[in-house]
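Engineer: My structure is stored as model.txt, with compact mmCIF, C-alpha atoms.
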# COMPACT_ATOMS: atom_id res chain seq x y z
CA MET A 1 -1.99 -12.68 -30.38
CA SER A 2 -0.58 -12.92 -33.89
CA VAL A 3 1.12 -9.61 -33.18
CA LEU A 4 3.38 -11.48 -30.77
CA PHE A 5 4.69 -13.69 -33.51
CA ARG A 6 5.27 -10.80 -35.89
CA ARG A 7 7.12 -8.84 -33.22
CA ALA A 8 9.25 -11.87 -32.44
CA LEU A 9 10.25 -12.30 -36.09
CA VAL A 10 11.20 -8.64 -36.46
CA SER A 11 13.27 -8.67 -33.29
CA ALA A 12 15.00 -11.88 -34.33
CA HIS A 13 16.09 -10.42 -37.66
CA ALA A 14 17.26 -7.26 -35.94
CA ALA A 15 19.38 -9.31 -33.55
CA MET A 16 21.41 -10.66 -36.47
CA CYS A 17 22.92 -7.18 -36.92
CA ILE A 18 24.54 -7.12 -33.47
CA LEU A 19 28.35 -7.24 -33.48
CA ALA A 20 29.97 -10.40 -32.14
CA LEU A 21 31.43 -10.18 -28.67
CA LEU A 22 34.38 -12.04 -27.21
CA PRO A 23 33.44 -15.57 -26.07
CA GLY A 24 35.37 -15.11 -22.85
CA LEU A 25 32.98 -12.42 -21.67
CA SER A 26 30.17 -14.97 -21.44
CA LEU A 27 31.79 -16.87 -18.56
CA ALA A 28 32.62 -13.67 -16.64
CA LEU A 29 29.11 -12.25 -16.91
CA SER A 30 27.63 -15.61 -15.99
CA GLN A 31 29.67 -15.69 -12.77
CA ASP A 32 28.82 -12.08 -11.89
CA SER A 33 25.08 -12.68 -12.31
CA LYS A 34 24.90 -15.33 -9.56
CA PRO A 35 22.91 -13.93 -6.62
CA SER A 36 24.51 -13.99 -3.21
CA ASP A 37 23.38 -16.75 -0.87
CA PRO A 38 20.74 -15.55 1.59
CA VAL A 39 21.29 -15.85 5.31
CA ASP A 40 18.08 -17.84 5.81
CA SER A 41 17.64 -20.52 3.15
CA ARG A 42 14.10 -21.41 4.18
CA PRO A 43 11.47 -20.55 1.56
CA LEU A 44 9.12 -17.67 2.29
CA THR A 45 5.40 -18.29 1.74
CA LEU A 46 2.83 -15.61 1.05
CA GLN A 47 0.93 -16.24 4.28
CA ALA A 48 4.15 -15.90 6.28
CA ALA A 49 4.97 -12.67 4.46
CA LEU A 50 1.53 -11.21 5.17
CA ALA A 51 1.73 -12.14 8.84
CA GLU A 52 5.17 -10.59 9.11
CA THR A 53 3.88 -7.42 7.49
CA LEU A 54 1.16 -7.05 10.11
CA LEU A 55 3.61 -7.66 12.94
CA HIS A 56 6.64 -5.67 11.87
CA SER A 57 5.62 -3.01 9.36
CA PRO A 58 6.89 0.35 10.76
CA ASN A 59 4.07 2.18 9.00
CA LEU A 60 1.39 0.08 10.69
CA GLN A 61 3.05 0.48 14.07
CA ALA A 62 2.93 4.26 13.62
CA TYR A 63 -0.81 4.11 12.95
CA SER A 64 -1.29 1.97 16.07
CA LEU A 65 0.36 4.67 18.16
CA GLU A 66 -1.93 7.27 16.62
CA ILE A 67 -4.97 5.23 17.70
CA ARG A 68 -3.67 5.21 21.28
CA ALA A 69 -3.13 8.94 21.12
CA ARG A 70 -6.71 9.43 19.98
CA GLU A 71 -7.93 7.32 22.88
CA ALA A 72 -6.12 9.66 25.26
CA GLU A 73 -7.72 12.65 23.54
CA VAL A 74 -11.18 11.14 24.13
CA LEU A 75 -10.38 11.03 27.82
CA GLN A 76 -9.15 14.62 27.78
CA ALA A 77 -12.18 15.88 25.87
CA GLY A 78 -14.56 14.59 28.55
CA LEU A 79 -12.92 16.42 31.46
CA ARG A 80 -14.55 19.43 33.10
CA PRO A 81 -12.72 22.77 33.34
CA ASN A 82 -10.55 23.06 36.44
CA PRO A 83 -11.81 25.33 39.27
CA LEU A 84 -9.93 28.55 39.94
CA LEU A 85 -8.73 29.29 43.45
CA SER A 86 -8.00 32.97 44.08
CA LEU A 87 -6.80 35.03 47.05
CA GLU A 88 -7.45 38.78 47.12
CA VAL A 89 -6.24 41.31 49.73
CA GLU A 90 -7.76 44.85 49.80
CA ASN A 91 -7.08 48.02 51.81
CA LEU A 92 -3.43 47.11 52.22
CA LEU A 93 -0.51 49.54 52.81
CA GLY A 94 -2.58 52.66 52.30
CA SER A 95 -2.61 55.98 54.12
CA GLY A 96 -4.42 57.24 57.18
CA GLU A 97 -6.52 54.57 58.78
CA PHE A 98 -5.46 52.12 56.04
CA THR A 99 -1.79 52.31 57.01
CA GLY A 100 -0.14 48.91 57.32
CA THR A 101 -2.37 45.85 57.40
CA ASP A 102 -4.75 46.74 60.19
CA ALA A 103 -7.64 47.50 57.81
CA ALA A 104 -6.81 44.81 55.26
CA GLU A 105 -9.67 42.69 53.95
CA THR A 106 -8.83 39.23 52.67
CA THR A 107 -11.04 37.27 50.26
CA LEU A 108 -10.49 33.60 49.45
CA SER A 109 -12.75 32.36 46.64
CA LEU A 110 -13.28 29.41 44.35
CA THR A 111 -14.49 29.95 40.76
CA GLN A 112 -15.96 27.18 38.62
CA THR A 113 -16.80 27.48 34.92
CA ILE A 114 -20.12 25.88 33.96
CA GLU A 115 -20.15 24.97 30.26
CA LEU A 116 -23.51 25.61 28.64
CA GLY A 117 -24.95 24.25 25.41
CA GLY A 118 -23.64 20.70 25.92
CA LYS A 119 -20.10 21.64 24.90
CA ARG A 120 -18.41 18.94 26.92
CA SER A 121 -20.52 16.08 25.56
CA LEU A 122 -20.17 17.42 22.01
CA ARG A 123 -16.42 17.74 22.44
CA ARG A 124 -16.24 14.15 23.66
CA GLU A 125 -18.32 12.89 20.73
CA LEU A 126 -16.04 14.74 18.34
CA ALA A 127 -12.99 13.14 19.92
CA LYS A 128 -14.59 9.69 19.58
CA THR A 129 -15.21 10.33 15.90
CA GLU A 130 -11.58 11.38 15.45
CA GLN A 131 -10.60 8.15 17.17
CA LEU A 132 -12.74 6.28 14.63
CA LEU A 133 -10.94 8.17 11.87
CA ALA A 134 -7.63 6.95 13.24
CA ARG A 135 -8.92 3.38 13.17
CA ASN A 136 -10.09 3.87 9.58
CA ASP A 137 -6.67 5.25 8.68
CA TYR A 138 -5.16 2.10 10.15
CA SER A 139 -7.54 -0.07 8.10
CA ILE A 140 -6.52 1.76 4.94
CA ALA A 141 -2.83 1.45 5.81
CA GLU A 142 -3.32 -2.23 6.62
CA ALA A 143 -5.06 -2.90 3.30
CA ASP A 144 -2.33 -0.98 1.46
CA ALA A 145 0.43 -2.86 3.29
CA LEU A 146 -1.07 -6.30 2.67
CA ALA A 147 -1.76 -5.51 -0.98
CA ALA A 148 1.77 -4.15 -1.43
CA THR A 149 3.25 -7.26 0.18
CA SER A 150 1.12 -9.50 -2.03
CA ALA A 151 2.16 -7.58 -5.15
CA ASP A 152 5.84 -7.58 -4.12
CA PHE A 153 5.67 -11.29 -3.31
CA VAL A 154 4.16 -12.08 -6.71
CA ALA A 155 6.80 -9.91 -8.39
CA VAL A 156 9.56 -11.93 -6.72
CA LEU A 157 7.82 -15.21 -7.50
CA VAL A 158 7.31 -14.39 -11.18
CA THR A 159 10.83 -13.00 -11.55
CA GLN A 160 12.17 -16.24 -10.03
CA ARG A 161 10.30 -18.16 -12.69
CA ARG A 162 11.61 -15.80 -15.34
CA LEU A 163 15.19 -16.33 -14.16
CA GLU A 164 14.71 -20.10 -14.19
CA LEU A 165 13.41 -19.81 -17.75
CA MET A 166 16.34 -17.66 -18.83
CA ASN A 167 18.86 -20.08 -17.28
CA HIS A 168 17.18 -22.95 -19.13
CA LEU A 169 17.23 -21.05 -22.43
CA VAL A 170 20.89 -20.14 -22.01
CA GLU A 171 21.71 -23.78 -21.42
CA LEU A 172 19.76 -24.78 -24.51
CA ALA A 173 21.59 -22.15 -26.57
CA ARG A 174 24.91 -23.54 -25.36
CA GLN A 175 23.86 -27.05 -26.35
CA VAL A 176 22.80 -25.83 -29.79
CA GLU A 177 26.12 -24.04 -30.18
CA ASP A 178 28.03 -27.19 -29.18
CA ASN A 179 26.02 -29.30 -31.63
CA LEU A 180 26.62 -26.74 -34.35
CA ARG A 181 30.35 -26.85 -33.78
CA GLU A 182 30.22 -30.62 -34.10
CA ARG A 183 28.33 -30.23 -37.40
CA ILE A 184 30.92 -27.76 -38.62
CA ALA A 185 33.69 -30.15 -37.70
CA ALA A 186 31.88 -32.86 -39.66
CA GLY A 187 31.50 -30.51 -42.64
CA LYS A 188 27.69 -30.39 -42.37
CA ALA A 189 27.39 -26.66 -41.54
CA ALA A 190 29.16 -23.43 -42.39
CA GLU A 191 31.36 -21.73 -39.83
CA THR A 192 29.45 -18.46 -40.27
CA GLU A 193 26.43 -20.04 -38.58
CA VAL A 194 28.31 -20.15 -35.28
CA LEU A 195 28.22 -16.37 -35.15
CA ARG A 196 24.44 -16.33 -35.35
CA ILE A 197 23.89 -18.77 -32.51
CA PHE A 198 26.62 -17.02 -30.54
CA ILE A 199 24.74 -13.70 -30.83
CA GLN A 200 21.52 -15.32 -29.64
CA ARG A 201 23.29 -16.96 -26.70
CA ARG A 202 24.85 -13.67 -25.67
CA GLU A 203 21.47 -11.93 -25.91
CA LEU A 204 19.97 -14.61 -23.69
CA GLU A 205 22.81 -14.29 -21.21
CA ALA A 206 22.40 -10.52 -21.10
CA ALA A 207 18.65 -10.94 -20.54
CA ARG A 208 19.35 -13.49 -17.82
CA ASP A 209 21.78 -11.15 -16.05
CA LYS A 210 19.21 -8.33 -16.22
CA THR A 211 16.56 -10.64 -14.78
CA GLY A 212 18.92 -11.53 -11.95
CA ARG A 213 19.33 -7.87 -11.07
CA GLU A 214 15.57 -7.35 -11.25
CA LEU A 215 15.10 -10.28 -8.88
CA SER A 216 17.55 -8.78 -6.38
CA ALA A 217 15.71 -5.45 -6.50
CA ALA A 218 12.32 -7.16 -6.11
CA ARG A 219 13.59 -9.13 -3.10
CA GLU A 220 14.85 -5.97 -1.41
CA LYS A 221 11.52 -4.25 -2.02
CA LEU A 222 9.68 -7.17 -0.47
CA ALA A 223 12.05 -7.20 2.51
CA ALA A 224 11.43 -3.49 3.14
CA GLY A 225 7.67 -4.11 3.29
CA LEU A 226 8.28 -6.87 5.83
CA GLY A 227 10.25 -4.50 8.04
CA ARG A 228 13.57 -6.27 7.36
CA GLN A 229 16.86 -4.52 6.81
CA ARG A 230 17.76 -6.80 3.90
CA ALA A 231 16.38 -9.74 1.94
CA ASP A 232 17.66 -12.41 4.32
CA PHE A 233 15.18 -15.07 3.23
CA GLY A 234 15.36 -17.88 0.72
CA ALA A 235 13.35 -18.28 -2.44
CA VAL A 236 9.67 -17.41 -2.19
CA ALA A 237 7.37 -20.41 -2.46
CA GLY A 238 4.22 -20.55 -4.54
CA ASP A 239 2.77 -21.41 -7.90
CA PRO A 240 1.52 -18.36 -9.82
CA THR A 241 -0.05 -20.55 -12.51
CA ILE A 242 -2.84 -21.68 -10.16
CA LEU A 243 -5.85 -19.59 -11.12
CA VAL A 244 -9.52 -19.64 -10.29
CA ALA A 245 -12.36 -17.71 -11.83
CA PRO A 246 -12.43 -14.06 -10.64
CA PRO A 247 -15.32 -13.17 -8.32
CA SER A 248 -18.49 -11.90 -9.90
CA LEU A 249 -18.90 -8.18 -10.40
CA GLU A 250 -22.15 -8.24 -8.42
CA GLN A 251 -20.38 -9.77 -5.43
CA ILE A 252 -17.69 -7.12 -5.54
CA GLU A 253 -20.07 -4.19 -5.94
CA LYS A 254 -21.88 -5.14 -2.73
CA LEU A 255 -18.66 -4.57 -0.79
CA VAL A 256 -17.65 -1.28 -2.39
CA GLU A 257 -19.45 0.93 0.11
CA SER A 258 -17.78 -0.89 3.02
CA SER A 259 -14.30 -0.39 1.62
CA PRO A 260 -11.76 1.31 3.92
CA LEU A 261 -11.55 4.42 1.74
CA LEU A 262 -15.30 5.02 1.75
CA ARG A 263 -15.64 4.28 5.45
CA ARG A 264 -12.95 6.83 6.08
CA ARG A 265 -14.75 9.43 3.98
CA ALA A 266 -18.03 8.73 5.76
CA ALA A 267 -16.32 9.11 9.13
CA GLU A 268 -14.81 12.41 8.00
CA SER A 269 -18.27 13.70 7.05
CA GLU A 270 -19.54 12.64 10.44
CA ARG A 271 -16.64 14.39 12.15
CA ARG A 272 -17.32 17.65 10.33
CA GLN A 273 -21.02 17.39 11.21
CA LYS A 274 -20.05 17.20 14.86
CA VAL A 275 -17.71 20.15 14.41
CA VAL A 276 -20.70 22.16 13.18
CA ARG A 277 -22.72 21.17 16.25
CA LEU A 278 -19.85 22.05 18.57
CA GLU A 279 -19.35 25.44 16.94
CA GLN A 280 -23.07 26.10 17.24
CA ALA A 281 -22.93 25.24 20.95
CA ARG A 282 -20.10 27.73 21.41
CA ARG A 283 -22.56 30.52 20.67
CA TYR A 284 -23.68 30.14 24.25
CA SER A 285 -21.39 31.82 26.76
CA ASP A 286 -20.09 29.79 29.68
CA LEU A 287 -21.07 30.71 33.23
CA ASP A 288 -18.46 31.47 35.91
CA ILE A 289 -19.73 30.97 39.47
CA GLU A 290 -17.60 32.31 42.30
CA VAL A 291 -18.02 31.33 45.97
CA GLY A 292 -15.69 32.51 48.76
CA ALA A 293 -15.21 34.05 52.18
CA ARG A 294 -14.05 37.56 53.05
CA TYR A 295 -12.26 38.40 56.31
CA LEU A 296 -12.96 42.00 57.47
CA ARG A 297 -10.71 44.00 59.73
CA PRO A 298 -10.59 45.61 62.22
CA GLU A 299 -14.02 44.13 62.95
CA GLU A 300 -12.59 40.66 62.46
CA ASP A 301 -15.81 39.51 60.89
CA VAL A 302 -16.24 36.94 58.11
CA ALA A 303 -18.69 37.32 55.24
CA LEU A 304 -19.71 35.10 52.34
CA VAL A 305 -18.87 36.23 48.79
CA VAL A 306 -20.90 34.96 45.83
CA GLY A 307 -20.48 36.07 42.24
CA VAL A 308 -21.77 35.13 38.80
CA SER A 309 -20.26 36.33 35.51
CA VAL A 310 -21.14 35.63 31.91
CA PRO A 311 -19.91 37.30 28.68
CA LEU A 312 -22.52 39.17 26.68
CA PRO A 313 -22.70 37.84 23.09
CA LEU A 314 -23.18 41.22 21.51
CA PHE A 315 -20.50 41.09 18.81
CA ASP A 316 -18.92 37.64 18.78
CA ARG A 317 -21.57 34.93 18.44
CA ASN A 318 -19.11 32.50 16.80
CA GLN A 319 -20.88 33.10 13.51
CA GLY A 320 -17.66 32.96 11.45
CA ASN A 321 -16.60 29.57 12.81
CA ILE A 322 -20.11 28.17 12.31
CA ALA A 323 -20.15 29.26 8.67
CA ALA A 324 -16.68 27.81 8.06
CA ALA A 325 -17.65 24.48 9.66
CA ARG A 326 -20.76 24.26 7.46
CA GLN A 327 -18.71 24.86 4.32
CA ARG A 328 -16.23 22.16 5.32
CA LEU A 329 -19.11 19.77 5.95
CA ALA A 330 -20.42 20.40 2.44
CA GLN A 331 -16.91 19.86 1.11
CA ALA A 332 -16.61 16.53 2.98
CA ARG A 333 -19.91 15.29 1.54
CA ASP A 334 -18.79 16.17 -1.98
CA GLU A 335 -15.51 14.35 -1.38
CA GLU A 336 -17.44 11.35 -0.07
CA ARG A 337 -19.54 11.16 -3.24
CA ASP A 338 -16.43 11.55 -5.39
CA ALA A 339 -14.64 8.80 -3.43
CA LEU A 340 -17.56 6.45 -4.06
CA LEU A 341 -17.37 7.04 -7.80
CA GLN A 342 -13.59 6.74 -7.89
CA THR A 343 -13.58 3.55 -5.80
CA ARG A 344 -16.21 1.92 -8.00
CA ALA A 345 -14.21 2.81 -11.09
CA ALA A 346 -10.99 1.47 -9.54
CA VAL A 347 -12.68 -1.76 -8.44
CA PHE A 348 -14.13 -2.25 -11.92
CA ALA A 349 -10.73 -1.58 -13.51
CA ALA A 350 -9.04 -4.12 -11.22
CA TRP A 351 -11.75 -6.67 -11.94
CA GLN A 352 -11.41 -6.06 -15.67
CA GLY A 353 -7.64 -6.42 -15.31
CA MET A 354 -8.11 -9.84 -13.74
CA GLN A 355 -10.49 -10.89 -16.49
CA SER A 356 -8.21 -9.69 -19.29
CA ALA A 357 -5.10 -11.25 -17.76
CA ARG A 358 -6.92 -14.55 -17.27
CA GLU A 359 -8.02 -14.57 -20.91
CA ASP A 360 -4.45 -13.84 -22.02
CA ILE A 361 -3.14 -16.62 -19.81
CA GLY A 362 -5.69 -19.01 -21.27
CA ALA A 363 -4.83 -18.09 -24.85
CA LEU A 364 -1.11 -18.39 -24.20
CA THR A 365 -1.47 -21.71 -22.39
CA ARG A 366 -3.91 -23.34 -24.81
CA ASP A 367 -2.75 -21.99 -28.15
CA ILE A 368 0.37 -19.87 -28.37
CA LEU A 369 2.83 -21.75 -26.15
CA PRO A 370 2.02 -25.19 -27.63
CA ALA A 371 2.11 -23.76 -31.15
CA ALA A 372 5.43 -22.01 -30.55
CA GLY A 373 6.90 -25.19 -29.08
CA LYS A 374 5.78 -27.29 -32.02
CA ALA A 375 7.06 -24.69 -34.47
CA LEU A 376 10.49 -24.80 -32.85
CA GLU A 377 10.56 -28.60 -32.94
CA ALA A 378 9.61 -28.56 -36.61
CA MET A 379 12.26 -25.94 -37.40
CA GLU A 380 14.96 -27.88 -35.57
CA TYR A 381 13.98 -31.11 -37.34
CA GLY A 382 13.86 -29.36 -40.72
CA TYR A 383 17.23 -27.70 -40.04
CA HIS A 384 18.90 -31.03 -39.39
CA ALA A 385 17.23 -32.36 -42.55
CA GLY A 386 18.54 -29.39 -44.52
CA LYS A 387 15.10 -27.87 -45.20
CA PHE A 388 15.42 -24.75 -43.02
CA SER A 389 18.21 -22.36 -42.27
CA LEU A 390 19.65 -21.59 -38.86
CA LEU A 391 17.94 -18.21 -39.05
CA ASP A 392 14.55 -19.96 -39.17
CA VAL A 393 15.46 -21.94 -36.06
CA LEU A 394 16.57 -18.79 -34.24
CA ASP A 395 13.33 -17.03 -35.17
CA ALA A 396 11.32 -19.94 -33.79
CA GLN A 397 13.36 -19.91 -30.59
CA ARG A 398 12.87 -16.16 -30.19
CA THR A 399 9.11 -16.58 -30.67
CA LEU A 400 8.98 -19.23 -27.96
CA VAL A 401 11.01 -17.07 -25.60
CA GLU A 402 8.71 -14.10 -26.07
CA ALA A 403 5.62 -16.27 -25.66
CA ARG A 404 6.90 -17.62 -22.35
CA GLY A 405 7.79 -14.12 -21.23
CA ALA A 406 4.31 -12.92 -22.17
CA HIS A 407 2.85 -15.78 -20.13
CA LEU A 408 4.77 -14.69 -17.05
CA ASP A 409 3.76 -11.06 -17.65
CA ALA A 410 0.11 -12.10 -17.82
CA LEU A 411 0.44 -14.05 -14.57
CA ALA A 412 1.99 -11.01 -12.90
CA SER A 413 -0.83 -8.80 -14.23
CA PHE A 414 -3.47 -11.18 -12.94
CA HIS A 415 -2.06 -11.34 -9.42
CA GLY A 416 -1.34 -7.61 -9.44
CA ALA A 417 -4.99 -6.87 -10.24
CA ALA A 418 -6.04 -9.31 -7.52
CA ALA A 419 -3.86 -7.50 -4.99
CA GLU A 420 -5.33 -4.15 -6.04
CA LEU A 421 -8.85 -5.52 -5.64
CA ASP A 422 -7.94 -6.79 -2.19
CA ARG A 423 -6.58 -3.35 -1.28
CA LEU A 424 -9.71 -1.56 -2.43
CA LEU A 425 -12.20 -3.88 -0.73
CA GLY A 426 -10.28 -4.25 2.51
CA PRO A 427 -11.11 -6.20 5.68
CA GLU A 428 -14.66 -7.25 4.72
CA TRP A 429 -13.38 -8.94 1.60
CA ARG A 430 -10.55 -10.64 3.50
CA ALA A 431 -13.01 -11.79 6.16
CA LEU A 432 -15.27 -13.18 3.45
CA ASN A 433 -12.41 -15.11 1.86
CA ASP A 434 -10.55 -15.78 5.13
CA LYS A 435 -7.37 -14.45 3.48
CA PRO A 436 -6.24 -11.88 0.92
CA LEU A 437 -7.49 -12.44 -2.60
CA THR A 438 -4.02 -12.93 -4.06
CA SER A 439 -3.25 -15.83 -1.73
CA VAL A 440 -6.28 -17.70 -3.09
CA PHE A 441 -4.42 -18.13 -6.36
CA ILE A 442 -1.03 -19.11 -4.94
CA GLU A 443 -0.56 -22.60 -3.59
CA GLU A 444 1.95 -22.67 -0.77
In structure tokens, how does this file's structure come out?

Structural biologist:
Amino acid sequence: MSVLFRRALVSAHAAMCILALLPGLSLALSQDSKPSDPVDSRPLTLQAALAETLLHSPNLQAYSLEIRAREAEVLQAGLRPNPLLSLEVENLLGSGEFTGTDAAETTLSLTQTIELGGKRSLRRELAKTEQLLARNDYSIAEADALAATSADFVAVLVTQRRLELMNHLVELARQVEDNLRERIAAGKAAETEVLRIFIQRRELEAARDKTGRELSAAREKLAAGLGRQRADFGAVAGDPTILVAPPSLEQIEKLVESSPLLRRRAAESERRQKVVRLEQARRYSDLDIEVGARYLRPEEDVALVVGVSVPLPLFDRNQGNIAAARQRLAQARDEERDALLQTRAAVFAAWQGMQSAREDIGALTRDILPAAGKALEAMEYGYHAGKFSLLDVLDAQRTLVEARGAHLDALASFHGAAAELDRLLGPEWRALNDKPLTSVFIEE
């Protein structure tokens, strides 16, 4: 963490080279940076945001419609082929004794296709598996949506804290500048020192204005995930500094194989297995049975007509489709094994991210932030006693600012990794914790 202090000192000295700007610009930029008042001033909690995502996310609604469509396809797959009703007239409008319709023979028949090889049941099972795939797709989309909402919520929450910090620092810089002007008027400080504190104040104001724009963008991103046209909610409510120990790696690894991504891959392998079985069943030709009645003239007799037809599988035995289905099954199993490895690696990376961020937060909270605060107090006291220069005070202030910014970054990283872990582990993890992992660490 000593690198943080060194970087702060370098950046503080570099800031002294910035040209002075007009004091009047400070008030104008300060007024422009104020966010517009939201329509709804009530605070938005994480649980409310997650519930709204499930209810109003357009993406999730689209997946729900796909599930209904798959249900209809299951019904269609189980239907038998329709019978064929045919009417045939022979010996009509000929010559000689077949002139006119006196010798016409009329046949009315009904033909039914009998599917062999269990095609209908296999087709229905395949449709049910595709319905399961649609449900798995919804689970993945749901996990993605909830994780995205959690991450967007945390981004807004942390950026709110950052903006509060920047407003506080700007106010402190203004107070220091006012005190310095009083010291100059009393002959206790040189007028050139005003320029230095003015540069720092303007840098802080510029950083505050940038943070305000980042907050507006983060709010709009969160609103889009909630299915809202604009960010018509108040400040988000929560405390990102509330942390608990990350779950054990053993506990997480037990849930990897039940993650939405792996369940989806397993269902895809099952679907392609059933495609192979269906293609194998299509080797058997279907049977067409025809039953009808023939009316004979001029005898005016009626006779029964019965017929059976079946294609001969001499050339086409569906061998090409069977081979292709087997190759795609092998491909799906390879993809399933790859997905398992990738998911485990992603889960481990997210878990490591939580651990690293928590260690950074602990170091910043226990050591760096208190040390930076004490250093600033000592510099300010020494400056008033004539022991340190204004540059030393500005360096100490810059170090404290960067330390607080690093603390907020670490909090955002921790909750971001938690949201990613929640996305990867999916419904089983949420059922185990009764809510998404990120919400465990945010008091509402």

Engineer: With a distance cut-off of 9 Å and only C-alpha atoms, select the neighbouring residues of Ala406 in chain A, excluding the residue or stretch itself and same-chain residues fewer than 4 positions from it, and output the selection as a list in words.

Structural biologist: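 Counting only the stated atoms, we get Leu4, Asp360, Ile361, Leu364, Val401, Glu402, Ala410 and Leu411 of chain A.
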
Engineer: Counting all atoms listed in the file, which residues of range 115-163 of chain A sit at most 8 Å from some atom of range 260-267 of chain A, and what is each one's closest atom pair with its distance in Å to one decimal, listed by chain and rising residue number, as a Markdown table?

Structural biologist:
| residue | atom | partner | partner_atom | distance |
| --- | --- | --- | --- | --- |
| A:Thr129 | CA | A:Ala267 | CA | 7.0 |
| A:Leu132 | CA | A:Ala267 | CA | 7.1 |
| A:Leu133 | CA | A:Ala267 | CA | 6.1 |
| A:Asn136 | CA | A:Arg264 | CA | 5.4 |
| A:Asp137 | CA | A:Arg264 | CA | 7.0 |
| A:Ser139 | CA | A:Pro260 | CA | 6.1 |
| A:Ile140 | CA | A:Pro260 | CA | 5.4 |
| A:Ala143 | CA | A:Pro260 | CA | 7.9 |

Engineer: Pick out the closest residue to Arg120 in chain A from this set: A:Gln76, A:Ser389, A:Thr343, A:Thr159. Count all atoms listed in the file.

Structural biologist: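 That would be A:Gln76, the residue with the smallest distance to Arg120 in chain A.
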
Engineer: For Gly405 in chain A, which residue among A:Arg333, A:Leu424, A:Val158, A:Arg328 is the nearest when counting all atoms listed in the file?

Structural biologist: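 Under the stated criterion, the closest residue is A:Val158.
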
Engineer: Please, what distance in Å, to one decimal, runs between CA of Leu255 in chain A and CA of Gln47 in chain A?

Structural biologist: 23.4 Å

Engineer: For Asn179 in chain A, which of A:Glu66, A:Arg423, A:Gln61, A:Ile197 is the closest residue, counting all atoms listed in the file?

Structural biologist: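 Counting all atoms listed in the file, the residue closest to Asn179 in chain A is A:Ile197.
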
Engineer: Go through range 209-283 of chain A and flag each residue having an atom no more than 12 Å from range 315-320 of chain A; for those, report the closest pair of atoms plus their distance in Å to one decimal, using all atoms listed in the file, ordered by chain and rising number, as a tab-separated table.

Structural biologist:
residue	atom	partner	partner_atom	distance
A:Val276	CA	A:Gln319	CA	10.9
A:Arg277	CA	A:Asn318	CA	11.9
A:Leu278	CA	A:Asn318	CA	10.6
A:Glu279	CA	A:Asn318	CA	7.1
A:Gln280	CA	A:Asn318	CA	7.5
A:Ala281	CA	A:Asn318	CA	9.2
A:Arg282	CA	A:Asn318	CA	6.7
A:Arg283	CA	A:Arg317	CA	5.0

Engineer: Would you save the residues from that selection as a PDB file, in the frame of the given file, using C-alpha atoms?

Structural biologist:
ATOM      1  CA  VAL A 276     -20.700  22.160  13.180  1.00  0.00           C
ATOM      2  CA  ARG A 277     -22.720  21.170  16.250  1.00  0.00           C
ATOM      3  CA  LEU A 278     -19.850  22.050  18.570  1.00  0.00           C
ATOM      4  CA  GLU A 279     -19.350  25.440  16.940  1.00  0.00           C
ATOM      5  CA  GLN A 280     -23.070  26.100  17.240  1.00  0.00           C
ATOM      6  CA  ALA A 281     -22.930  25.240  20.950  1.00  0.00           C
ATOM      7  CA  ARG A 282     -20.100  27.730  21.410  1.00  0.00           C
ATOM      8  CA  ARG A 283     -22.560  30.520  20.670  1.00  0.00           C
TER       9      ARG A 283
END

Engineer: Find the axis-aligned box for range 198-212 of chain A, covering all its listed atoms and adding 4 Å on each side, and write its centre and edge lengths in Å to one decimal as lines of an AutoDock Vina configuration file.

Structural biologist:
center_x = 21.6
center_y = -12.7
center_z = -21.4
size_x = 18.1
size_y = 16.7
size_z = 26.9

Engineer: Got a sec to check which residues sit within 12 Å of (-14.3, 3.5, -5.8), counting only C-alpha atoms, and write them as a PyMOL selection string?

Structural biologist: chain A and resi 252-263+265+335-350+420-421+423-425

Engineer: Fewer than 6 positions away in the same chain doesn't count, so skip those; otherwise give me all residues within 8 Å of Ala235 in chain A, counting all atoms listed in the file, as a CSV table (one decimal) with C-alpha atoms, keeping the file's coordinate frame.

Structural biologist:
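See result18.csv below for the written result:
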chain,number,residue,atom,x,y,z
A,41,SER,CA,17.6,-20.5,3.2
A,42,ARG,CA,14.1,-21.4,4.2
A,43,PRO,CA,11.5,-20.6,1.6
A,44,LEU,CA,9.1,-17.7,2.3
A,160,GLN,CA,12.2,-16.2,-10.0

Engineer: With a distance cut-off of 10 Å and all atoms listed in the file, select the neighbouring residues of Lys221 in chain A, excluding the residue or stretch itself and same-chain residues fewer than 3 positions from it, and output the selection as JSON, numbers by chain.

Structural biologist: {"A": [148, 149, 152, 153, 155, 156, 215, 216, 217, 218, 224, 225, 226, 228, 230, 231]}

Engineer: From the list A:Glu205, A:Glu52, A:Glu290, A:Asp334, which residue is nearest Val306 in chain A when using only C-alpha atoms?

Structural biologist: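 The shortest atom-to-atom distance to Val306 in chain A comes from A:Glu290.
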
Engineer: Which residues, protein or nucleic acid, reach to within 7 Å of (-10.7, -14.1, -13.7) in the file's coordinates when using all atoms listed in the file, and can you give that as a VMD selection string?

Structural biologist: chain A and resid 244 to 246 354 to 355 358

Engineer: Point out the residue among A:Gly212, A:Gly100, A:Gly78, A:Pro240 with the least atom-to-atom distance to Ala127 in chain A, counting all atoms listed in the file.

Structural biologist: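 Under the stated criterion, the closest residue is A:Gly78.
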
Engineer: Measure the distance from CA of Ala185 in chain A to CA of Ala375 in chain A in Å and round it to one decimal.

Structural biologist: 27.4 Å

Engineer: Find the residues around range 191-193 of chain A up to 12 Å (only C-alpha atoms counted), leave out those fewer than 2 positions away in its own chain, and share them as a list in words.

Structural biologist: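 In the requested format, the answer is Met16, Ala20, Val176, Glu177, Asp178, Asn179, Leu180, Arg181, Glu182, Arg183, Ile184, Ala185, Ala186, Gly187, Lys188, Ala189, Leu195, Arg196, Ile197, Phe198, Ile199, Gln200, Ser389, Leu390, Leu391, Asp392, Val393 and Leu394 of chain A.
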